[in-house]
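What follows is a set of notes on a single structure, which appears directly below.
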Amino acid sequence: MVTRHSVVNDLLMTSRSSRTSRPAIGLTAVAAAVLAAVCAAPALAAPASATADRPDTARAGQAHGDRARGTLLSVTPLQQVSREEIARVVEANGTDASTVRHGVSTYRLTYATITPTGEPTTASALFALPDGGGKRLSTVAEHHGTMAYRGGAPSTGDDFSTLAAWLYSAGGRATVAPDYLGLGTGPGTHPYVDTASSVSASVDALRAARQAAARHGRTLTRDVHVTGFSQGGQVAMAVGRELSRGVDRHLRVRSLAPVAGPYDIAGQELPAIFDGRIDDSSAVYYLSYFLTAQNRLHHLYDDPREVYREPYASTVETLFDNDHTEQEIARGLAPNIKALLTDEWTERLKHPTGKLAEVIERNDGVCDWAPTAPVRLHTSTGDRDVPIGNTTSCVRSLAEHGVRAKVTNHGDRDHGDTYLRAIGQNANWYARLG
């Protein structure tokens, strides 16, 4: 359903058939290979000098029950990257670097938010500021794709969102890339494809960013350009919807530009797992992660052996504890859906009913509303992770509400390459929108 992340992770979405090895933004070759193996995606490369020593990435402390949502708890400096370095890395990954105007400083924010059940907890996010561009800045909310290793999140690893944060902020905007719950330095496990908690964590990250910006003598305006890739594309549409409903008077959607999101889980993404439109290894990864995470939230089954065949029934839930690396997960997964699922659960997933159907419905329909801000959707006919039918469904839903979205089809490109093309076009669009 979505992809992993880390310039490699989100890269994760690079299609295996056209996998290309590119340098990775301060990522290890192993990390890049991992992503490519699970959800294919190109690896970004960055000069060693661009990555500063990072502090310990141990999980954050206990939930701050006395803190209001969005309260900034800590700011950790991460990187200072020059304009020349950013342009070089962006261009090396085949992305348009024409909007790069400034160097960028990045930070890890830790802030107060809530769990899926409304209990207080903490989460982290990557925050990027341009070294120039004035005191008042609009913000880009950049949402990452599927990832299962907490250390690969935007604020604790180097991934697609890192590249996007550099690019967007080098154009003169602040960028906030939430790690989501259970990833980065947040406690617990990640509630994968739990749309509501991804939205609350993202909105709270935007609130925390306002406080962080003030500490650096900057003011963030109300305008937020909402974007994201893969899982993050789906989250971006949901975040845009929540902001448009007035969840925070300090935040207003300026534009929506999600990339290759699984906007239609029931009608497109789930069927594509079984009909061959999604690559085998990606299908196994997404489905295993989804069922494991949703079972923790909604108790879909009592025993993994009801769902998975051995030897995978004994290991799948452990693999997705968010402490295993993408490489470890890839080595432990089944080669295809038939080898993974029992016959009973194959049929249940092909024809969801009961609690499973309720879970899917709860997290679906993110395009079923009427944005007042301009909307651009990015997709590719060659995507073997999030098929183009998801975007077609989103366009149809928006049209039913009287909204005409502009769609860019990047052609015969894989998941990761779609993103690398899209972020360059988004950066140019933001420059025109202001």
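Chain labels run A, B, ... following the order of the structure tokens; each chain numbers its residues from 1, and ligands are numbered from 1 in the order shown.
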Within 10 Å of range 386-389 of chain A, counting only C-alpha atoms, which residues show up once you throw out same-chain ones fewer than 2 positions away? Write them as a PyMOL selection string, please. chain A and resi 1-3+13+230-231+259-265+267-270+272-273+277-279+282-283+378-384+391-395+409+414-415
How would the residues just picked look written out with N, CA, C and O atoms as a compact mmCIF listing (two decimals), in the first residue's frame?
```
# COMPACT_ATOMS: atom_id res chain seq x y z
N MET A 1 0.80 -1.18 0.00
CA MET A 1 0.00 0.00 0.00
C MET A 1 0.83 1.23 0.00
O MET A 1 0.43 2.24 -0.45
N VAL A 2 1.90 1.21 0.60
CA VAL A 2 2.67 2.39 0.49
C VAL A 2 4.09 1.96 0.49
O VAL A 2 4.37 0.82 0.50
N THR A 3 4.99 2.81 0.53
CA THR A 3 6.29 2.33 0.40
C THR A 3 7.17 2.69 1.53
O THR A 3 6.92 3.61 2.23
N MET A 13 10.30 2.58 -3.42
CA MET A 13 9.32 2.29 -4.40
C MET A 13 9.88 2.12 -5.77
O MET A 13 9.18 2.12 -6.72
N SER A 230 3.47 8.06 -1.98
CA SER A 230 3.00 6.73 -1.68
C SER A 230 2.10 6.77 -0.45
O SER A 230 1.09 7.44 -0.46
N GLN A 231 2.44 6.07 0.63
CA GLN A 231 1.63 6.18 1.84
C GLN A 231 1.43 7.66 2.16
O GLN A 231 0.36 8.09 2.56
N VAL A 259 1.84 12.46 -4.46
CA VAL A 259 2.50 11.68 -5.49
C VAL A 259 2.22 10.19 -5.29
O VAL A 259 2.54 9.62 -4.24
N ALA A 260 1.60 9.56 -6.28
CA ALA A 260 1.42 8.11 -6.32
C ALA A 260 0.89 7.53 -5.00
O ALA A 260 1.46 6.60 -4.44
N GLY A 261 -0.20 8.08 -4.52
CA GLY A 261 -0.77 7.60 -3.26
C GLY A 261 -1.81 6.51 -3.47
O GLY A 261 -2.50 6.47 -4.48
N PRO A 262 -1.94 5.60 -2.49
CA PRO A 262 -2.98 4.56 -2.55
C PRO A 262 -4.31 5.12 -2.05
O PRO A 262 -4.79 4.80 -0.97
N TYR A 263 -4.92 5.98 -2.86
CA TYR A 263 -6.13 6.68 -2.46
C TYR A 263 -7.36 5.79 -2.43
O TYR A 263 -8.37 6.14 -1.82
N ASP A 264 -7.30 4.65 -3.11
CA ASP A 264 -8.46 3.77 -3.21
C ASP A 264 -8.03 2.35 -2.81
O ASP A 264 -7.74 1.51 -3.66
N ILE A 265 -7.99 2.10 -1.52
CA ILE A 265 -7.52 0.81 -1.01
C ILE A 265 -8.44 -0.32 -1.44
O ILE A 265 -8.00 -1.35 -1.95
N GLY A 267 -10.91 -0.35 -3.82
CA GLY A 267 -11.21 -0.50 -5.24
C GLY A 267 -10.03 -0.72 -6.14
O GLY A 267 -10.18 -1.24 -7.26
N GLN A 268 -8.83 -0.33 -5.69
CA GLN A 268 -7.65 -0.42 -6.56
C GLN A 268 -6.46 -1.12 -5.91
O GLN A 268 -5.98 -2.13 -6.41
N GLU A 269 -5.98 -0.60 -4.79
CA GLU A 269 -4.72 -1.11 -4.24
C GLU A 269 -4.81 -2.56 -3.79
O GLU A 269 -3.96 -3.38 -4.12
N LEU A 270 -5.85 -2.89 -3.04
CA LEU A 270 -5.98 -4.27 -2.57
C LEU A 270 -6.21 -5.25 -3.72
O LEU A 270 -5.53 -6.29 -3.80
N ALA A 272 -5.19 -4.96 -6.72
CA ALA A 272 -3.95 -5.01 -7.50
C ALA A 272 -2.91 -5.93 -6.88
O ALA A 272 -2.04 -6.45 -7.57
N ILE A 273 -3.01 -6.16 -5.58
CA ILE A 273 -2.11 -7.09 -4.91
C ILE A 273 -2.32 -8.51 -5.42
O ILE A 273 -1.39 -9.31 -5.52
N ARG A 277 -0.89 -6.45 -10.75
CA ARG A 277 -0.48 -5.09 -11.06
C ARG A 277 0.60 -4.59 -10.11
O ARG A 277 1.35 -3.67 -10.43
N ILE A 278 0.68 -5.19 -8.92
CA ILE A 278 1.71 -4.84 -7.96
C ILE A 278 2.76 -5.95 -7.93
O ILE A 278 2.43 -7.14 -7.93
N ASP A 279 4.01 -5.56 -7.94
CA ASP A 279 5.12 -6.51 -7.90
C ASP A 279 4.98 -7.45 -6.70
O ASP A 279 4.55 -7.04 -5.62
N SER A 282 6.70 -6.40 -3.36
CA SER A 282 6.03 -5.23 -2.80
C SER A 282 4.68 -5.63 -2.21
O SER A 282 4.29 -5.17 -1.12
N ALA A 283 3.94 -6.48 -2.92
CA ALA A 283 2.63 -6.91 -2.45
C ALA A 283 2.74 -7.62 -1.10
O ALA A 283 1.96 -7.36 -0.18
N HIS A 378 0.34 13.34 -9.06
CA HIS A 378 1.39 12.73 -9.87
C HIS A 378 1.23 11.22 -9.85
O HIS A 378 0.97 10.62 -8.80
N THR A 379 1.41 10.59 -10.99
CA THR A 379 1.29 9.14 -11.12
C THR A 379 2.10 8.67 -12.31
O THR A 379 2.69 9.48 -13.03
N SER A 380 2.19 7.36 -12.50
CA SER A 380 2.88 6.80 -13.67
C SER A 380 2.22 5.50 -14.08
O SER A 380 1.83 4.69 -13.23
N THR A 381 2.12 5.29 -15.40
CA THR A 381 1.55 4.03 -15.88
C THR A 381 2.47 2.86 -15.55
O THR A 381 2.02 1.72 -15.48
N GLY A 382 3.76 3.13 -15.33
CA GLY A 382 4.72 2.06 -15.05
C GLY A 382 4.86 1.70 -13.59
O GLY A 382 5.68 0.85 -13.23
N ASP A 383 4.09 2.32 -12.73
CA ASP A 383 4.21 2.09 -11.28
C ASP A 383 3.69 0.71 -10.91
O ASP A 383 2.51 0.40 -11.11
N ARG A 384 4.58 -0.14 -10.32
CA ARG A 384 4.19 -1.49 -9.90
C ARG A 384 4.03 -1.58 -8.39
O ARG A 384 4.01 -2.68 -7.82
N THR A 391 -4.99 6.90 -8.73
CA THR A 391 -5.12 8.31 -9.09
C THR A 391 -6.40 8.54 -9.89
O THR A 391 -7.09 9.54 -9.71
N THR A 392 -6.73 7.60 -10.77
CA THR A 392 -7.97 7.70 -11.52
C THR A 392 -9.17 7.77 -10.58
O THR A 392 -10.09 8.58 -10.76
N SER A 393 -9.16 6.95 -9.55
CA SER A 393 -10.24 6.95 -8.56
C SER A 393 -10.30 8.27 -7.81
O SER A 393 -11.39 8.81 -7.54
N CYS A 394 -9.14 8.81 -7.47
CA CYS A 394 -9.09 10.07 -6.74
C CYS A 394 -9.65 11.21 -7.59
O CYS A 394 -10.45 12.04 -7.12
N VAL A 395 -9.24 11.24 -8.86
CA VAL A 395 -9.73 12.27 -9.78
C VAL A 395 -11.25 12.19 -9.89
O VAL A 395 -11.96 13.21 -9.88
N ASN A 409 1.02 12.43 -15.58
CA ASN A 409 1.39 11.03 -15.75
C ASN A 409 2.83 11.00 -16.23
O ASN A 409 3.14 11.46 -17.33
N ASP A 414 8.98 3.80 -12.75
CA ASP A 414 8.63 3.05 -11.56
C ASP A 414 8.24 4.01 -10.44
O ASP A 414 8.25 5.23 -10.59
N HIS A 415 7.91 3.44 -9.30
CA HIS A 415 7.41 4.21 -8.17
C HIS A 415 8.38 5.29 -7.73
O HIS A 415 8.01 6.46 -7.58
```
Give me the residues within 7 Å of Thr76 in chain A as a VMD selection string, counting only C-alpha atoms and dropping any in the same chain fewer than 4 places off. chain A and resid 107 to 109
Would you kindly return, as a PDB file with all heavy atoms, in the first residue's frame, each protein, DNA or RNA residue with an atom no farther than 9 Å from any atom of range 344-348 of chain A, considering only C-alpha atoms and excluding same-chain residues fewer than 4 positions away?
```pdb
ATOM      1  N   PHE A 274      -3.568  -8.816  -5.800  1.00  0.00           N
ATOM      2  CA  PHE A 274      -3.903 -10.178  -6.227  1.00  0.00           C
ATOM      3  C   PHE A 274      -3.953 -10.355  -7.741  1.00  0.00           C
ATOM      4  O   PHE A 274      -3.891 -11.488  -8.225  1.00  0.00           O
ATOM      5  CB  PHE A 274      -5.248 -10.587  -5.626  1.00  0.00           C
ATOM      6  CG  PHE A 274      -5.219 -10.712  -4.131  1.00  0.00           C
ATOM      7  CD1 PHE A 274      -5.656  -9.675  -3.321  1.00  0.00           C
ATOM      8  CD2 PHE A 274      -4.724 -11.862  -3.533  1.00  0.00           C
ATOM      9  CE1 PHE A 274      -5.614  -9.783  -1.940  1.00  0.00           C
ATOM     10  CE2 PHE A 274      -4.667 -11.985  -2.148  1.00  0.00           C
ATOM     11  CZ  PHE A 274      -5.116 -10.941  -1.349  1.00  0.00           C
ATOM     12  N   GLU A 306      -3.663 -18.279  11.457  1.00  0.00           N
ATOM     13  CA  GLU A 306      -4.935 -18.183  10.748  1.00  0.00           C
ATOM     14  C   GLU A 306      -4.748 -17.467   9.409  1.00  0.00           C
ATOM     15  O   GLU A 306      -5.466 -17.733   8.449  1.00  0.00           O
ATOM     16  CB  GLU A 306      -5.946 -17.381  11.579  1.00  0.00           C
ATOM     17  CG  GLU A 306      -6.303 -17.970  12.924  1.00  0.00           C
ATOM     18  CD  GLU A 306      -7.112 -16.986  13.753  1.00  0.00           C
ATOM     19  OE1 GLU A 306      -7.797 -16.122  13.144  1.00  0.00           O
ATOM     20  OE2 GLU A 306      -7.050 -17.051  14.997  1.00  0.00           O
ATOM     21  N   VAL A 307      -3.768 -16.570   9.380  1.00  0.00           N
ATOM     22  CA  VAL A 307      -3.574 -15.686   8.229  1.00  0.00           C
ATOM     23  C   VAL A 307      -2.417 -16.122   7.337  1.00  0.00           C
ATOM     24  O   VAL A 307      -2.549 -16.171   6.108  1.00  0.00           O
ATOM     25  CB  VAL A 307      -3.312 -14.244   8.709  1.00  0.00           C
ATOM     26  CG1 VAL A 307      -3.154 -13.293   7.525  1.00  0.00           C
ATOM     27  CG2 VAL A 307      -4.415 -13.788   9.653  1.00  0.00           C
ATOM     28  N   TYR A 308      -1.291 -16.457   7.984  1.00  0.00           N
ATOM     29  CA  TYR A 308      -0.064 -16.735   7.234  1.00  0.00           C
ATOM     30  C   TYR A 308       0.306 -18.213   7.261  1.00  0.00           C
ATOM     31  O   TYR A 308       0.086 -18.917   8.250  1.00  0.00           O
ATOM     32  CB  TYR A 308       1.113 -15.947   7.826  1.00  0.00           C
ATOM     33  CG  TYR A 308       0.826 -14.485   8.014  1.00  0.00           C
ATOM     34  CD1 TYR A 308       0.664 -13.945   9.299  1.00  0.00           C
ATOM     35  CD2 TYR A 308       0.719 -13.623   6.921  1.00  0.00           C
ATOM     36  CE1 TYR A 308       0.415 -12.596   9.477  1.00  0.00           C
ATOM     37  CE2 TYR A 308       0.461 -12.274   7.094  1.00  0.00           C
ATOM     38  CZ  TYR A 308       0.305 -11.768   8.376  1.00  0.00           C
ATOM     39  OH  TYR A 308       0.052 -10.432   8.557  1.00  0.00           O
ATOM     40  N   ILE A 337       2.413 -13.701  -2.697  1.00  0.00           N
ATOM     41  CA  ILE A 337       1.208 -13.750  -1.860  1.00  0.00           C
ATOM     42  C   ILE A 337       0.719 -15.173  -1.630  1.00  0.00           C
ATOM     43  O   ILE A 337       0.278 -15.532  -0.538  1.00  0.00           O
ATOM     44  CB  ILE A 337       0.090 -12.907  -2.504  1.00  0.00           C
ATOM     45  CG1 ILE A 337       0.448 -11.419  -2.444  1.00  0.00           C
ATOM     46  CG2 ILE A 337      -1.243 -13.157  -1.828  1.00  0.00           C
ATOM     47  CD1 ILE A 337       0.513 -10.851  -1.038  1.00  0.00           C
ATOM     48  N   LYS A 338       0.813 -16.010  -2.651  1.00  0.00           N
ATOM     49  CA  LYS A 338       0.336 -17.406  -2.510  1.00  0.00           C
ATOM     50  C   LYS A 338       1.114 -18.138  -1.423  1.00  0.00           C
ATOM     51  O   LYS A 338       0.538 -18.913  -0.649  1.00  0.00           O
ATOM     52  CB  LYS A 338       0.475 -18.145  -3.840  1.00  0.00           C
ATOM     53  CG  LYS A 338      -0.077 -19.570  -3.810  1.00  0.00           C
ATOM     54  CD  LYS A 338      -0.052 -20.205  -5.179  1.00  0.00           C
ATOM     55  CE  LYS A 338      -0.578 -21.632  -5.152  1.00  0.00           C
ATOM     56  NZ  LYS A 338      -1.949 -21.715  -4.623  1.00  0.00           N
ATOM     57  N   PRO A 352     -13.532  -8.583   1.249  1.00  0.00           N
ATOM     58  CA  PRO A 352     -13.581  -8.193   2.667  1.00  0.00           C
ATOM     59  C   PRO A 352     -15.008  -8.032   3.193  1.00  0.00           C
ATOM     60  O   PRO A 352     -15.888  -7.501   2.508  1.00  0.00           O
ATOM     61  CB  PRO A 352     -12.855  -6.846   2.680  1.00  0.00           C
ATOM     62  CG  PRO A 352     -12.029  -6.832   1.439  1.00  0.00           C
ATOM     63  CD  PRO A 352     -12.837  -7.579   0.428  1.00  0.00           C
ATOM     64  N   THR A 353     -15.225  -8.520   4.399  1.00  0.00           N
ATOM     65  CA  THR A 353     -16.501  -8.338   5.089  1.00  0.00           C
ATOM     66  C   THR A 353     -16.199  -8.074   6.560  1.00  0.00           C
ATOM     67  O   THR A 353     -15.046  -8.163   7.005  1.00  0.00           O
ATOM     68  CB  THR A 353     -17.390  -9.596   4.985  1.00  0.00           C
ATOM     69  OG1 THR A 353     -16.680 -10.723   5.556  1.00  0.00           O
ATOM     70  CG2 THR A 353     -17.751  -9.886   3.541  1.00  0.00           C
ATOM     71  N   LEU A 356     -12.809  -6.541   8.949  1.00  0.00           N
ATOM     72  CA  LEU A 356     -11.796  -6.219   7.942  1.00  0.00           C
ATOM     73  C   LEU A 356     -12.319  -5.154   6.989  1.00  0.00           C
ATOM     74  O   LEU A 356     -11.616  -4.184   6.663  1.00  0.00           O
ATOM     75  CB  LEU A 356     -11.401  -7.472   7.165  1.00  0.00           C
ATOM     76  CG  LEU A 356     -10.398  -7.268   6.019  1.00  0.00           C
ATOM     77  CD1 LEU A 356      -9.080  -6.701   6.540  1.00  0.00           C
ATOM     78  CD2 LEU A 356     -10.157  -8.588   5.283  1.00  0.00           C
TER      79      LEU A 356
END
```
Near Ser198 in chain A, within 7 Å and counting only C-alpha atoms, which residues show up once chain neighbours fewer than 4 positions away are dropped, as a short mmCIF file (atom, residue, chain, number, x, y, z; two decimals) with all heavy atoms, in the first residue's frame?
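Ended up saving to around_8.cif:
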```cif
data_model
loop_
_atom_site.label_atom_id
_atom_site.label_comp_id
_atom_site.auth_asym_id
_atom_site.auth_seq_id
_atom_site.Cartn_x
_atom_site.Cartn_y
_atom_site.Cartn_z
N TYR A 180 5.77 10.19 11.63
CA TYR A 180 4.56 9.44 12.00
C TYR A 180 4.79 8.76 13.35
O TYR A 180 5.90 8.73 13.88
CB TYR A 180 4.15 8.38 10.97
CG TYR A 180 3.97 8.83 9.55
CD1 TYR A 180 4.23 7.95 8.50
CD2 TYR A 180 3.53 10.11 9.22
CE1 TYR A 180 4.05 8.33 7.18
CE2 TYR A 180 3.36 10.50 7.90
CZ TYR A 180 3.63 9.61 6.88
OH TYR A 180 3.46 9.98 5.57
N ASP A 194 -3.09 3.68 9.40
CA ASP A 194 -4.13 4.23 10.27
C ASP A 194 -4.18 5.72 9.95
O ASP A 194 -3.41 6.52 10.48
CB ASP A 194 -3.80 4.01 11.74
CG ASP A 194 -4.90 4.55 12.65
OD1 ASP A 194 -6.05 4.10 12.52
OD2 ASP A 194 -4.60 5.44 13.46
N SER A 202 0.73 14.50 11.97
CA SER A 202 1.22 15.46 10.98
C SER A 202 0.79 16.88 11.31
O SER A 202 1.59 17.82 11.22
CB SER A 202 0.74 15.06 9.58
OG SER A 202 1.26 13.80 9.22
N VAL A 235 -1.79 10.12 2.96
CA VAL A 235 -1.83 10.94 4.17
C VAL A 235 -1.99 12.42 3.80
O VAL A 235 -2.73 13.15 4.45
CB VAL A 235 -0.56 10.73 5.02
CG1 VAL A 235 -0.52 11.71 6.19
CG2 VAL A 235 -0.48 9.29 5.53
#
```
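Closest approach to Ala399 in chain A among A:Glu358, A:Asp303, A:Glu326, A:Asp368 is made by A:Asp368 (distances from only C-alpha atoms).
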Return the single residue from A:Tyr430, A:Tyr312, A:Phe290, A:Tyr168 that is closest to Leu349 in chain A, with distances computed using only C-alpha atoms. A:Phe290
Give me every strand (DSSP E) residue in range 166-277 of chain A, going by DSSP on the backbone, as number ranges by chain. A: 174-178, 219-229, 252-259
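Taking only C-alpha atoms, the non-local environment of Asn295 in chain A within 10 Å (same-chain residues fewer than 5 positions away omitted) comprises Pro191, Tyr289, Phe290, Leu300, Tyr301, Asp302, Pro304, Glu317, Leu356 and Val359 of chain A.
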Using C-alpha atoms, can you export the residues from the last selection as a PDB file, in the first residue's frame?
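What follows is the written file out.pdb:
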```pdb
ATOM      1  CA  PRO A 191       0.061   2.047  13.140  1.00  0.00           C
ATOM      2  CA  TYR A 289       2.745  -4.778   7.276  1.00  0.00           C
ATOM      3  CA  PHE A 290      -0.879  -3.682   6.910  1.00  0.00           C
ATOM      4  CA  LEU A 300      -8.526  -8.947  13.087  1.00  0.00           C
ATOM      5  CA  TYR A 301      -7.276 -12.415  14.063  1.00  0.00           C
ATOM      6  CA  ASP A 302      -6.284 -14.387  17.172  1.00  0.00           C
ATOM      7  CA  PRO A 304      -0.961 -15.447  12.922  1.00  0.00           C
ATOM      8  CA  GLU A 317       4.731  -9.992  13.339  1.00  0.00           C
ATOM      9  CA  LEU A 356     -11.796  -6.219   7.942  1.00  0.00           C
ATOM     10  CA  VAL A 359     -10.982  -1.221   8.825  1.00  0.00           C
TER      11      VAL A 359
END
```
Could you list, as a PDB file with N, CA, C and O atoms, in the first residue's frame, every residue within 10 Å of Lys355 in chain A, counting only C-alpha atoms and ignoring same-chain residues fewer than 5 positions away?
```
ATOM      1  N   HIS A 298      -7.073  -3.388  15.848  1.00  0.00           N
ATOM      2  CA  HIS A 298      -8.469  -3.812  15.730  1.00  0.00           C
ATOM      3  C   HIS A 298      -8.714  -5.304  15.925  1.00  0.00           C
ATOM      4  O   HIS A 298      -9.844  -5.756  15.738  1.00  0.00           O
ATOM      5  N   HIS A 299      -7.710  -6.056  16.247  1.00  0.00           N
ATOM      6  CA  HIS A 299      -7.834  -7.492  16.506  1.00  0.00           C
ATOM      7  C   HIS A 299      -8.594  -8.202  15.382  1.00  0.00           C
ATOM      8  O   HIS A 299      -9.713  -8.695  15.543  1.00  0.00           O
ATOM      9  N   LEU A 300      -7.937  -8.279  14.253  1.00  0.00           N
ATOM     10  CA  LEU A 300      -8.526  -8.947  13.087  1.00  0.00           C
ATOM     11  C   LEU A 300      -8.427 -10.466  13.177  1.00  0.00           C
ATOM     12  O   LEU A 300      -9.198 -11.177  12.537  1.00  0.00           O
ATOM     13  N   ILE A 360     -10.828  -1.245   6.410  1.00  0.00           N
ATOM     14  CA  ILE A 360     -10.477  -0.690   5.102  1.00  0.00           C
ATOM     15  C   ILE A 360     -11.277   0.585   4.847  1.00  0.00           C
ATOM     16  O   ILE A 360     -10.713   1.610   4.428  1.00  0.00           O
ATOM     17  N   GLU A 361     -12.562   0.550   5.127  1.00  0.00           N
ATOM     18  CA  GLU A 361     -13.411   1.729   4.899  1.00  0.00           C
ATOM     19  C   GLU A 361     -12.965   2.905   5.769  1.00  0.00           C
ATOM     20  O   GLU A 361     -12.971   4.062   5.339  1.00  0.00           O
TER      21      GLU A 361
END
```
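For the atom pair formed by CA of Ala293 in chain A and CA of Asn390 in chain A, the distance is 21.9 Å, given to one decimal.
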Would you mind reading off the distance between CA of His351 in chain A and CA of Val193 in chain A, one decimal, in Å? 19.1 Å
With a distance cut-off of 6 Å and only C-alpha atoms, select the neighbouring residues of Pro258 in chain A, excluding the residue or stretch itself and same-chain residues fewer than 6 positions from it, and output the selection as number ranges by chain. A: 227-228, 233, 377
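The coordinates place CA of Arg309 in chain A at 5.6 Å from CA of Leu340 in chain A.
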